[in-house]
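What follows is the content of structure-v8.tsv (TSV, C-alpha atoms (C1' of nucleotides)).
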```tsv
chain	number	residue	atom	x	y	z
B	5	MET	CA	36.09	-5.40	74.84
B	6	ASP	CA	36.83	-4.94	71.18
B	7	GLY	CA	34.51	-7.61	69.95
B	8	GLN	CA	31.45	-5.65	71.05
B	9	THR	CA	29.13	-4.28	68.45
B	10	LEU	CA	27.04	-1.17	68.78
B	11	THR	CA	24.02	0.06	66.93
B	12	ILE	CA	24.32	3.50	65.42
B	13	GLY	CA	22.16	4.93	68.20
B	14	GLU	CA	24.29	3.41	70.94
B	15	LEU	CA	27.41	4.71	69.25
B	16	ALA	CA	25.92	8.17	68.94
B	17	ARG	CA	25.08	8.20	72.63
B	18	LYS	CA	28.54	6.95	73.50
B	19	VAL	CA	30.44	9.67	71.64
B	20	GLY	CA	27.85	12.38	72.16
B	21	CYS	CA	26.69	13.17	68.66
B	22	LYS	CA	23.62	12.69	66.51
B	23	VAL	CA	22.88	9.55	64.57
B	24	GLN	CA	22.67	11.59	61.40
B	25	THR	CA	26.11	12.98	61.98
B	26	ILE	CA	27.59	9.49	61.95
B	27	ARG	CA	25.78	8.64	58.74
B	28	TYR	CA	26.98	11.93	57.31
B	29	TYR	CA	30.61	11.13	58.17
B	30	GLU	CA	30.22	7.78	56.46
B	31	GLN	CA	28.64	9.42	53.44
B	32	ILE	CA	31.54	11.82	52.95
B	33	GLY	CA	34.04	9.00	53.39
B	34	LEU	CA	35.42	10.08	56.75
B	35	LEU	CA	34.31	6.82	58.37
B	36	PRO	CA	34.41	3.49	56.54
B	37	PRO	CA	31.09	1.76	55.89
B	38	PRO	CA	30.51	-0.59	58.84
B	39	ASP	CA	29.17	-4.12	58.75
B	40	ARG	CA	25.43	-4.51	58.42
B	41	THR	CA	22.96	-6.96	59.89
B	42	ASP	CA	20.86	-9.11	57.59
B	43	GLY	CA	18.22	-6.46	58.01
B	44	ASN	CA	20.65	-3.82	56.68
B	45	GLN	CA	21.32	-2.05	59.97
B	46	ARG	CA	24.79	-0.74	60.79
B	47	ARG	CA	26.78	-2.47	63.55
B	48	TYR	CA	29.93	-0.82	64.85
B	49	SER	CA	33.06	-2.40	66.33
B	50	GLY	CA	35.27	-0.87	69.02
B	51	GLN	CA	37.72	0.09	66.24
B	52	GLU	CA	35.12	2.10	64.43
B	53	ALA	CA	33.93	3.67	67.65
B	54	ARG	CA	37.47	4.85	68.33
B	55	ARG	CA	37.74	6.36	64.89
B	56	LEU	CA	34.56	8.31	65.46
B	57	SER	CA	35.82	9.43	68.88
B	58	PHE	CA	38.92	10.74	67.17
B	59	VAL	CA	36.82	12.74	64.76
B	60	ARG	CA	34.51	14.12	67.43
B	61	HIS	CA	37.36	15.08	69.70
B	62	GLY	CA	39.08	16.74	66.77
B	63	ARG	CA	35.92	18.63	65.94
B	64	ASP	CA	35.65	19.74	69.56
B	65	LEU	CA	39.17	21.08	69.20
B	66	GLY	CA	38.03	22.99	66.14
B	67	PHE	CA	39.76	20.96	63.42
B	68	SER	CA	38.03	20.99	60.06
B	69	LEU	CA	36.75	17.73	58.63
B	70	ASP	CA	39.39	18.09	55.97
B	71	ALA	CA	42.20	18.39	58.52
B	72	LEU	CA	40.80	15.37	60.33
B	73	ARG	CA	40.69	13.43	57.11
B	74	GLN	CA	44.41	14.12	56.69
B	75	LEU	CA	45.15	13.18	60.30
B	76	LEU	CA	43.22	9.94	59.91
B	77	MET	CA	45.22	9.05	56.83
B	78	LEU	CA	48.39	9.69	58.80
B	79	ALA	CA	47.13	7.63	61.71
B	80	ASP	CA	46.60	4.75	59.29
B	81	HIS	CA	50.32	4.78	58.45
B	82	PRO	CA	52.05	4.81	61.84
B	83	ASP	CA	55.56	4.14	60.49
B	84	GLN	CA	56.02	7.51	58.91
B	85	PRO	CA	57.41	10.58	60.65
B	86	CYS	CA	54.75	12.80	62.09
B	87	GLU	CA	55.83	16.13	60.67
B	88	THR	CA	52.67	16.51	58.67
B	89	ALA	CA	50.48	15.87	61.68
B	90	ASP	CA	52.53	18.45	63.54
B	91	GLN	CA	52.14	20.95	60.77
B	92	ILE	CA	48.39	20.53	60.71
B	93	ALA	CA	48.21	21.04	64.45
B	94	GLU	CA	50.53	24.02	64.32
B	95	ARG	CA	48.66	25.71	61.52
B	96	HIS	CA	45.55	25.20	63.58
B	97	LEU	CA	47.18	26.68	66.66
B	98	ILE	CA	48.15	29.81	64.75
B	99	ASP	CA	44.62	30.11	63.47
B	100	ILE	CA	43.22	29.81	66.98
B	101	GLU	CA	45.60	32.43	68.28
B	102	ARG	CA	44.49	34.81	65.57
B	103	ARG	CA	40.88	34.19	66.45
B	104	ILE	CA	41.53	34.83	70.13
B	105	ASP	CA	43.30	38.11	69.37
B	106	ARG	CA	40.51	39.21	67.12
B	107	LEU	CA	37.80	38.29	69.58
B	108	SER	CA	39.63	40.08	72.39
B	109	ALA	CA	39.71	43.25	70.33
B	110	LEU	CA	36.00	42.91	69.62
B	111	LYS	CA	35.32	42.38	73.28
B	112	VAL	CA	36.96	45.67	74.20
B	113	GLU	CA	35.11	47.46	71.46
B	114	LEU	CA	31.79	46.04	72.57
B	115	GLN	CA	32.46	46.87	76.20
B	116	VAL	CA	33.23	50.47	75.33
B	117	MET	CA	30.15	50.59	73.17
B	118	ILE	CA	27.88	49.28	75.91
B	119	LYS	CA	29.38	51.35	78.70
B	120	GLN	CA	28.90	54.59	76.81
B	121	CYS	CA	25.27	53.87	76.20
B	122	ARG	CA	22.93	53.57	79.15
B	123	GLY	CA	19.30	54.50	79.00
B	124	ASN	CA	19.54	57.02	76.20
B	125	GLU	CA	17.66	57.28	72.97
B	126	ILE	CA	18.90	55.50	69.90
B	127	ARG	CA	19.72	58.91	68.48
B	128	SER	CA	22.72	58.97	70.80
B	129	CYS	CA	23.31	55.25	71.05
B	130	ARG	CA	26.91	54.19	70.76
B	131	VAL	CA	26.08	50.68	69.61
B	132	ILE	CA	24.55	51.94	66.43
B	133	GLU	CA	27.07	54.73	66.09
B	134	VAL	CA	30.17	52.60	66.49
B	135	LEU	CA	28.90	50.10	64.01
B	136	SER	CA	28.14	52.83	61.49
B	137	ASP	CA	31.45	54.58	61.78
B	138	HIS	CA	34.74	53.06	60.84
B	139	GLY	CA	36.61	55.75	62.71
B	140	HIS	CA	35.72	53.99	65.94
B	141	CYS	CA	37.07	50.70	64.76
B	142	LEU	CA	40.00	49.48	66.79
B	143	ASN	CA	41.38	47.06	64.30
B	144	ASP	CA	40.98	49.24	61.27
B	145	GLN	CA	42.19	47.33	58.29
B	146	HIS	CA	39.42	48.03	55.79
G	15	MET	CA	30.14	64.03	49.26
G	16	ASP	CA	26.78	62.36	49.67
G	17	GLY	CA	25.65	62.92	46.14
G	18	GLN	CA	28.29	60.61	44.75
G	19	THR	CA	27.24	57.38	43.20
G	20	LEU	CA	29.23	54.18	43.15
G	21	THR	CA	29.03	51.10	41.00
G	22	ILE	CA	28.67	47.85	42.85
G	23	GLY	CA	32.31	47.03	42.19
G	24	GLU	CA	33.53	50.36	43.57
G	25	LEU	CA	31.36	49.89	46.63
G	26	ALA	CA	32.69	46.38	47.13
G	27	ARG	CA	36.27	47.64	46.97
G	28	LYS	CA	35.45	50.46	49.36
G	29	VAL	CA	33.99	48.30	52.10
G	30	GLY	CA	36.19	45.30	51.42
G	31	CYS	CA	33.74	42.64	50.39
G	32	LYS	CA	32.73	40.77	47.26
G	33	VAL	CA	30.28	42.09	44.71
G	34	GLN	CA	28.16	38.98	45.16
G	35	THR	CA	27.97	39.58	48.87
G	36	ILE	CA	26.33	42.96	48.27
G	37	ARG	CA	23.83	41.44	45.88
G	38	TYR	CA	23.21	38.72	48.42
G	39	TYR	CA	22.47	41.26	51.15
G	40	GLU	CA	20.04	42.99	48.83
G	41	GLN	CA	18.40	39.69	47.98
G	42	ILE	CA	17.78	38.79	51.60
G	43	GLY	CA	16.40	42.26	52.28
G	44	LEU	CA	19.25	43.51	54.44
G	45	LEU	CA	20.01	46.31	52.01
G	46	PRO	CA	17.30	48.16	50.07
G	47	PRO	CA	17.34	47.83	46.29
G	48	PRO	CA	19.41	50.75	44.97
G	49	ASP	CA	18.69	52.93	41.95
G	50	ARG	CA	19.58	51.52	38.58
G	51	THR	CA	20.99	53.05	35.41
G	52	ASP	CA	19.02	52.82	32.17
G	53	GLY	CA	21.13	49.77	31.44
G	54	ASN	CA	19.93	48.16	34.69
G	55	GLN	CA	23.16	48.49	36.65
G	56	ARG	CA	23.10	49.31	40.35
G	57	ARG	CA	24.29	52.74	41.49
G	58	TYR	CA	24.84	53.38	45.19
G	59	SER	CA	24.57	56.62	47.17
G	60	GLY	CA	26.66	57.54	50.22
G	61	GLN	CA	23.66	56.58	52.36
G	62	GLU	CA	23.59	53.10	51.01
G	63	ALA	CA	27.35	52.79	51.29
G	64	ARG	CA	27.10	53.66	54.98
G	65	ARG	CA	24.43	51.07	55.51
G	66	LEU	CA	26.65	48.45	53.96
G	67	SER	CA	29.58	49.62	56.08
G	68	PHE	CA	27.40	49.14	59.12
G	69	VAL	CA	26.64	45.60	58.09
G	70	ARG	CA	30.23	44.72	57.22
G	71	HIS	CA	31.58	46.21	60.39
G	72	GLY	CA	28.95	44.34	62.36
G	73	ARG	CA	29.87	41.12	60.61
G	74	ASP	CA	33.53	41.78	61.41
G	75	LEU	CA	32.46	42.13	65.02
G	76	GLY	CA	30.79	38.74	64.77
G	77	PHE	CA	27.15	39.84	64.74
G	78	SER	CA	24.78	37.56	62.87
G	79	LEU	CA	22.89	38.91	59.90
G	80	ASP	CA	19.78	38.57	61.97
G	81	ALA	CA	21.16	40.69	64.81
G	82	LEU	CA	22.24	43.27	62.25
G	83	ARG	CA	18.82	43.28	60.72
G	84	GLN	CA	17.41	44.11	64.15
G	85	LEU	CA	20.01	46.81	64.73
G	86	LEU	CA	19.27	48.34	61.33
G	87	MET	CA	15.59	48.47	62.15
G	88	LEU	CA	16.46	50.22	65.40
G	89	ALA	CA	18.76	52.63	63.60
G	90	ASP	CA	15.89	53.50	61.28
G	91	HIS	CA	13.79	54.60	64.28
G	92	PRO	CA	16.13	56.84	66.27
G	93	ASP	CA	13.49	58.24	68.62
G	94	GLN	CA	13.04	55.09	70.63
G	95	PRO	CA	15.09	54.12	73.70
G	96	CYS	CA	18.08	52.00	72.89
G	97	GLU	CA	17.58	49.21	75.39
G	98	THR	CA	17.08	46.67	72.67
G	99	ALA	CA	20.30	47.64	70.91
G	100	ASP	CA	22.05	47.34	74.24
G	101	GLN	CA	20.61	43.93	74.86
G	102	ILE	CA	21.75	42.67	71.50
G	103	ALA	CA	25.24	43.99	72.12
G	104	GLU	CA	25.34	42.56	75.62
G	105	ARG	CA	24.14	39.15	74.60
G	106	HIS	CA	26.82	39.25	72.00
G	107	LEU	CA	29.49	40.24	74.49
G	108	ILE	CA	28.69	37.27	76.66
G	109	ASP	CA	28.88	35.03	73.65
G	110	ILE	CA	32.27	36.43	72.69
G	111	GLU	CA	33.62	35.90	76.18
G	112	ARG	CA	32.53	32.30	76.06
G	113	ARG	CA	34.21	31.83	72.72
G	114	ILE	CA	37.45	33.36	74.00
G	115	ASP	CA	37.45	31.06	77.03
G	116	ARG	CA	36.83	28.05	74.89
G	117	LEU	CA	39.51	28.94	72.37
G	118	SER	CA	42.02	29.62	75.14
G	119	ALA	CA	41.45	26.13	76.51
G	120	LEU	CA	41.92	24.65	73.05
G	121	LYS	CA	45.08	26.64	72.60
G	122	VAL	CA	46.61	25.16	75.73
G	123	GLU	CA	45.62	21.68	74.70
G	124	LEU	CA	47.08	22.12	71.24
G	125	GLN	CA	50.29	23.58	72.61
G	126	VAL	CA	50.77	20.61	74.92
G	127	MET	CA	50.06	18.27	72.04
G	128	ILE	CA	52.58	19.91	69.75
G	129	LYS	CA	55.30	20.36	72.35
G	130	GLN	CA	55.29	16.71	73.28
G	131	CYS	CA	55.72	15.65	69.70
G	132	ARG	CA	58.91	16.61	67.89
G	133	GLY	CA	60.41	14.48	65.16
G	134	ASN	CA	58.95	11.17	66.20
G	135	GLU	CA	57.10	8.59	64.25
G	136	ILE	CA	53.36	8.73	64.03
G	137	ARG	CA	53.35	5.59	66.15
G	138	SER	CA	54.32	7.75	69.11
G	139	CYS	CA	52.84	11.01	67.89
G	140	ARG	CA	51.03	12.96	70.56
G	141	VAL	CA	48.84	14.81	68.11
G	142	ILE	CA	47.24	11.61	66.92
G	143	GLU	CA	47.31	10.10	70.37
G	144	VAL	CA	45.67	13.00	72.13
G	145	LEU	CA	42.92	13.08	69.57
G	146	SER	CA	42.37	9.35	69.89
G	147	ASP	CA	42.23	9.30	73.63
G	148	HIS	CA	39.67	11.08	75.71
G	149	GLY	CA	41.78	10.74	78.84
G	150	HIS	CA	43.99	13.53	77.56
G	151	CYS	CA	41.12	15.88	77.08
G	152	LEU	CA	41.28	18.94	79.31
G	153	ASN	CA	37.69	19.98	79.04
G	154	ASP	CA	36.24	16.56	79.35
G	155	GLN	CA	32.51	16.90	79.16
G	156	HIS	CA	31.62	14.05	76.82
W	30	DC	C1'	3.74	-16.85	67.54
W	31	DA	C1'	1.80	-12.26	66.89
W	32	DT	C1'	2.25	-7.43	67.82
W	33	DG	C1'	3.68	-2.92	69.02
W	34	DG	C1'	6.77	0.57	69.44
W	35	DG	C1'	11.38	2.24	69.45
W	36	DG	C1'	14.86	2.48	66.72
W	37	DG	C1'	16.83	1.81	62.12
W	38	DC	C1'	16.90	2.77	56.90
W	39	DT	C1'	17.18	6.02	52.52
W	40	DC	C1'	16.47	10.17	50.32
W	41	DC	C1'	15.97	14.79	50.23
W	42	DA	C1'	15.53	19.72	51.81
W	43	DG	C1'	17.25	23.28	54.60
W	44	DC	C1'	20.22	26.21	57.75
W	45	DA	C1'	23.99	30.45	57.61
W	46	DG	C1'	26.62	33.21	54.87
W	47	DC	C1'	28.41	33.49	51.40
W	48	DT	C1'	31.20	32.12	46.72
W	49	DG	C1'	31.62	30.65	42.02
W	50	DT	C1'	30.03	29.78	37.34
W	51	DA	C1'	27.55	30.31	32.89
W	52	DG	C1'	25.86	33.02	29.57
W	53	DG	C1'	24.52	37.29	28.37
W	54	DT	C1'	24.56	42.86	28.52
W	55	DT	C1'	26.41	47.54	29.44
W	56	DC	C1'	29.75	51.11	30.11
W	57	DA	C1'	33.62	53.90	29.20
W	58	DA	C1'	38.36	54.43	27.46
W	59	DG	C1'	40.90	54.77	23.25
P	26	DC	C1'	33.12	52.41	16.84
P	27	DT	C1'	35.41	48.89	19.03
P	28	DT	C1'	37.02	46.43	22.77
P	29	DG	C1'	37.25	44.46	27.16
P	30	DA	C1'	36.35	45.09	31.95
P	31	DA	C1'	32.69	45.24	34.72
P	32	DC	C1'	27.96	44.50	35.18
P	33	DC	C1'	23.46	41.57	35.00
P	34	DT	C1'	20.48	37.18	36.37
P	35	DA	C1'	20.01	32.62	37.79
P	36	DC	C1'	21.48	28.92	39.89
P	37	DA	C1'	24.71	25.43	41.93
P	38	DG	C1'	27.94	24.58	45.53
P	39	DC	C1'	30.53	25.10	49.84
P	40	DT	C1'	30.95	23.45	55.30
P	41	DG	C1'	29.03	20.74	58.80
P	42	DC	C1'	25.60	19.26	59.99
P	43	DT	C1'	20.11	18.78	61.21
P	44	DG	C1'	15.36	17.56	60.43
P	45	DG	C1'	11.53	15.36	58.08
P	46	DA	C1'	8.89	11.85	55.30
P	47	DG	C1'	7.88	7.37	54.58
P	48	DC	C1'	9.25	3.00	55.08
P	49	DC	C1'	11.52	-1.31	57.52
P	50	DC	C1'	13.70	-4.10	61.34
P	51	DC	C1'	14.26	-5.97	66.03
P	52	DC	C1'	13.00	-7.78	70.19
P	53	DA	C1'	10.29	-7.80	74.54
P	54	DT	C1'	5.92	-8.79	76.10
P	55	DG	C1'	1.38	-11.20	76.05
```
Translate this structure into structure tokens?
Amino acid sequence: MDGQTLTIGELARKVGCKVQTIRYYEQIGLLPPPDRTDGNQRRYSGQEARRLSFVRHGRDLGFSLDALRQLLMLADHPDQPCETADQIAERHLIDIERRIDRLSALKVELQVMIKQCRGNEIRSCRVIEVLSDHGHCLNDQH
Amino acid sequence: MDGQTLTIGELARKVGCKVQTIRYYEQIGLLPPPDRTDGNQRRYSGQEARRLSFVRHGRDLGFSLDALRQLLMLADHPDQPCETADQIAERHLIDIERRIDRLSALKVELQVMIKQCRGNEIRSCRVIEVLSDHGHCLNDQH
DNA sequence: CATGGGGGCTCCAGCAGCTGTAGGTTCAAG
DNA sequence: CTTGAACCTACAGCTGCTGGAGCCCCCATG
């Protein structure tokens, strides 16, 4: 099942992304240039499809293209210890945790904002007021 | 304390953003053009500083510039009912909840990935493996 | 074997939301 | 009056794609 070749459109459908995205990844050197037909159309092997899957799955997990580039380089050298890969993942985990915390704080603030404001005029609207006034800010670090 | 004027740099320091960001907001019409000195430098009033605070705080809360533009327009017409402001905030709340859910799922997946991989070779590294293999994907919707 | 249409190709512009640089001017402290 | 930090404009660049124009290829059907 590795000898199969896919057109760029088939590949895009398979991994769930746009054709242009694949060409973009190739352009920025994240995917190697695939073989071409005599008519200059790209044909992808199972190998290349797996590499793209890796990238897409990584993107779904929120990794940056740069982080994925590093991970791909690591994946190409399977004999080395995987500390670096771990570090990338861990850094990413910390980042995600920070984002969750931040978003949770925002959620509370928004809920308060909305609850306090029902059917009034803008003059007394908490949404506007809270946004105007830093005193109401929960995570006040400005 | 409203009669004070600030240079663009002072304002930037006060609200915690870059000078260029302020000029950018002016350029896209989010902030009105401020008064200038004879030497063509911008001078900001307390009014204008508050408007910028509003924008920055909104950005911190994850509102898009477009949503903030709408909210600013509402804030400029305080006699109208605030349903629209509410709707914007509510739509945004739903969005934030979705983002939290999504990030929480990613967090679990990353934690599993990292925990299973300690001091091995890349050959057996879960981080690479999980990203390569869709079978390990928790939220498998591809 | 011709043809039509769906997909492929390249190149380029644009999106949000800034950020950085170049090259010049102004302001205020000393 | 000098100096140097901060200001000015204009424009390019960043991430991660997405869409369009204008052309070309592939293959199923007649």
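Take atom CA of Gly13 of chain B and atom C1' of DG37 of chain W: the distance between them is 8.7 Å.
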Exercise: DC38 of chain W partners within 9 Å, all atoms listed in the file, chain neighbours under 6 positions left out, as a ChimeraX atom specification: /B:44-45 /P:48-50
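With the cut-off set to 9 Å and only C-alpha atoms (C1' of nucleotides) counted, chain B residues close to chain P are Lys22, Gln24, Thr25, Tyr28, Gly43, Asn44, Gln45, Ser68 and Leu69 of chain B.
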Shell of 10 Å around segment 39-50 of chain G, only C-alpha atoms (C1' of nucleotides), local chain residues under 6 positions omitted, as number ranges by chain: G: 19, 21-22, 56-59, 62-63, 65-66, 69, 79-80, 82-84, 86-87; W: 46-47
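Atom CA of Arg105 of chain G lies 11.5 Å from atom CA of Gln115 of chain B.
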From W:DG59, W:DG35, W:DG49, W:DG43, residue lying nearest chain B [all atoms listed in the file]: W:DG35
Atomic distance atom CA of Arg116 of chain G - atom CA of Leu107 of chain B, expressed in Å with one decimal: 11.6 Å
At most 9 Å to chain G: residues in chain W, all atoms listed in the file, as a ChimeraX atom specification: /W:45-48,54-56
Please return the centre and edge lengths, in Å to one decimal, of a box with edges along x, y and z that contains all listed atoms of segment 39-47 of chain P, widened by 4 Å on every side, as JSON.
```
{"center_x": 19.4, "center_y": 16.2, "center_z": 55.5, "size_x": 31.1, "size_y": 25.7, "size_z": 19.4}
```
